[in-house]
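Colleague: My questions all concern the structure below.
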Amino acid sequence: MNPPDAQRNSRAAFASVDLKPHEFDRLAALVRGYCGINLHDGKKELVRARLGRRIAGKGFTSFAQYFRHVQSAEGAEEFVAMIDALSTNVTRFFREEPHFRTLARILAEMAGERRRGPCRLRLWSEACSSGEEPYSMAITALEALRGLQADVRILATDISTRVLEKAGAGLYEPERLKGVSPARLARFFEPVRCAGGLRYRVRPEARGLVFFQRFNLMEPFPAIGPIDVVFCRNVMIYFDRATVQDLLAKFHAALSPGGYLFVGHSESLHGAQGRFRFVEPAVYRK
């Protein structure tokens, strides 16, 4: 079956949009200055693929023309859409499950230490994508603190407005719940019949702990008071060393005394040993 004329024309236009080396360098500098992401030469084809169809679909004839637009006052909304398109969002519920077992232990210990006063626990899921990570943190907190009086709040941030919209809805296709046990599925999710078929919505008990907000790591950190646990996993791999060191200093300042930082297993805190103590693979303590 032949594609409709509009789709065929869009494909043809995309194929004709070339990303010249100086244009790629200009884009890389623009993105790095805005959000710290380091687009090296190996990312050129990925950039062309992700932005090419958008450029053609918007009626632009070149990357240079598109770049002029996104840097203009009229292109502010498209600039955000461009960053969305270049953001990689790979996630699932309870991804790297040992981290959540460690989180459960940490939260129980903190609650025990603070039993004589108000048990206030603040967590942050940075680069939360479509919400699977912060909801997994919320479920872990509810299980670990069951029967205890605790004031738990989870800030969930991402630079992509597109994924934050999905995260806020808390509604997932069955295939997105492969990391959730049957017991957790029954307790923390409710089945919902939608036009597209069966979906599962995170129940209010867990959803009520999570607050979503668009945030760029290059901006000043949110003023939410001392944070006990930060999940910033598989994010710093996109930054150069100087940016990583700056972020680690800001995370250290934002964490409460003895607070924890969770990173991706491929990420290293090399150069920050004076600020953080190794706890276990990809888990560090202030």
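In the structure tokens, chains take letters A, B, ... by order of appearance, with residues numbered from 1 within each chain and ligands from 1 in the order shown.
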Leaving out stretch 252-255 of chain A and any residue of its chain fewer than 2 positions from it, which residues lie within 6 Å of it when counting only C-alpha atoms, given as a count of residues only?

Modeller: 6

Colleague: Given only C-alpha atoms, how would the per-residue table for stretch 11-120 of chain A near stretch 163-179 of chain A read, listing every residue at most 7 Å away with its closest atom pair and distance in Å to one decimal, sorted by chain and number, as CSV?

Modeller:
residue,atom,partner,partner_atom,distance
A:Arg92,CA,A:Arg176,CA,6.7
A:Phe93,CA,A:Gly179,CA,5.4
A:Phe94,CA,A:Gly179,CA,6.0

Colleague: Mind dumping the selected residues with C-alpha atoms as a PDB file, in the first residue's frame?

Modeller:
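Generated output (out_28.pdb):
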ATOM      1  CA  ARG A  92      11.032   1.036  33.045  1.00  0.00           C
ATOM      2  CA  PHE A  93       9.564   0.260  36.448  1.00  0.00           C
ATOM      3  CA  PHE A  94      12.177  -0.881  39.001  1.00  0.00           C
TER       4      PHE A  94
END

Colleague: Write out as a PyMOL selection string which residues come within 8 Å of stretch 63-66 of chain A when counting only C-alpha atoms, dropping same-chain ones fewer than 3 positions away.

Modeller: chain A and resi 17-19+23+52+55+60+69-70

Colleague: Using DSSP on the backbone coordinates, identify the residues of stretch 192-246 of chain A assigned to strand (DSSP E); present them as a list in words.

Modeller: Val192, Arg193, Cys194, Gly197, Leu198, Arg199, Tyr200, Arg201, Val202, Val210, Phe211, Phe212, Gln213, Arg214, Ile227, Asp228, Val229, Val230, Phe231 and Cys232 of chain A

Colleague: When you look at A:Val283 with a cut-off of 7 Å (counting only C-alpha atoms), what residues show up, excluding the ones that are within fewer than 4 positions of it in the same chain? I need them as a list in words.

Modeller: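 What passes the distance filter is Leu261, Phe262, Val263, Phe278 and Val279 of chain A.
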
Colleague: Hey, can you spit out that residue selection with C-alpha atoms as a PDB file, in the first residue's frame?

Modeller:
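Result file out34.pdb:
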ATOM      1  CA  LEU A 261      23.203   9.825  45.495  1.00  0.00           C
ATOM      2  CA  PHE A 262      22.262   7.016  43.079  1.00  0.00           C
ATOM      3  CA  VAL A 263      23.886   7.088  39.623  1.00  0.00           C
ATOM      4  CA  PHE A 278      31.213   4.742  48.099  1.00  0.00           C
ATOM      5  CA  VAL A 279      28.398   2.590  49.539  1.00  0.00           C
TER       6      VAL A 279
END

Colleague: Skipping near chain neighbours, those fewer than 3 positions away, what residues fall within 10 Å of A:Val244 using only C-alpha atoms, listed as a ChimeraX atom specification?

Modeller: /A:36,235-241,247-250,268-272

Colleague: Going by DSSP on the backbone, which bits of stretch 75-146 of chain A are alpha helix (DSSP H)? Write them as a PyMOL selection string, please.

Modeller: chain A and resi 76-86+97-113+132-144

Colleague: If I take atom CA of A:Arg53 and atom CA of A:Asn216, how far is one from the other in Å, to one decimal?

Modeller: 25.2 Å

Colleague: Would you list the contacts of stretch 153-160 of chain A as a PyMOL selection string, taking every protein, DNA or RNA residue within 7 Å and counting only C-alpha atoms, but skipping same-chain residues closer than 6 positions in sequence?

Modeller: chain A and resi 84+121-129+134+209-216

Colleague: Could you save those same residues with C-alpha atoms as a CSV table (one decimal), in the first residue's frame?

Modeller:
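Printed below is out_24.csv as written:
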chain,number,residue,atom,x,y,z
A,84,ASP,CA,12.5,17.0,23.6
A,121,LEU,CA,11.9,12.4,53.8
A,122,ARG,CA,12.6,14.2,50.6
A,123,LEU,CA,13.6,12.4,47.4
A,124,TRP,CA,14.4,13.6,43.9
A,125,SER,CA,14.2,11.7,40.6
A,126,GLU,CA,16.1,13.7,38.1
A,127,ALA,CA,15.5,12.9,34.4
A,128,CYS,CA,12.4,11.0,35.5
A,129,SER,CA,11.3,10.5,31.9
A,134,PRO,CA,9.7,8.1,40.6
A,209,LEU,CA,3.8,11.3,46.8
A,210,VAL,CA,5.2,12.5,43.4
A,211,PHE,CA,5.3,16.0,42.1
A,212,PHE,CA,6.4,16.6,38.5
A,213,GLN,CA,8.2,19.7,37.3
A,214,ARG,CA,10.1,20.6,34.1
A,215,PHE,CA,13.7,21.3,35.1
A,216,ASN,CA,17.1,21.9,33.3

Colleague: Would you mind telling me which residue in A:Ile106, A:Glu78, A:Pro222, A:Arg275 lies nearest to A:Gln245 when using only C-alpha atoms?

Modeller: A:Arg275

Colleague: List the neighbours of stretch 40-45 of chain A out to 9 Å using only C-alpha atoms; skip same-chain residues closer than 6 positions along the sequence, and give me the result as a PyMOL selection string.

Modeller: chain A and resi 19+21+24-25+28

Colleague: Just to confirm, what's the straight-line distance from atom CA of A:Gly147 to atom CA of A:Thr102 in Å (one decimal)?

Modeller: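 Between these atoms lies a distance of 19.3 Å.
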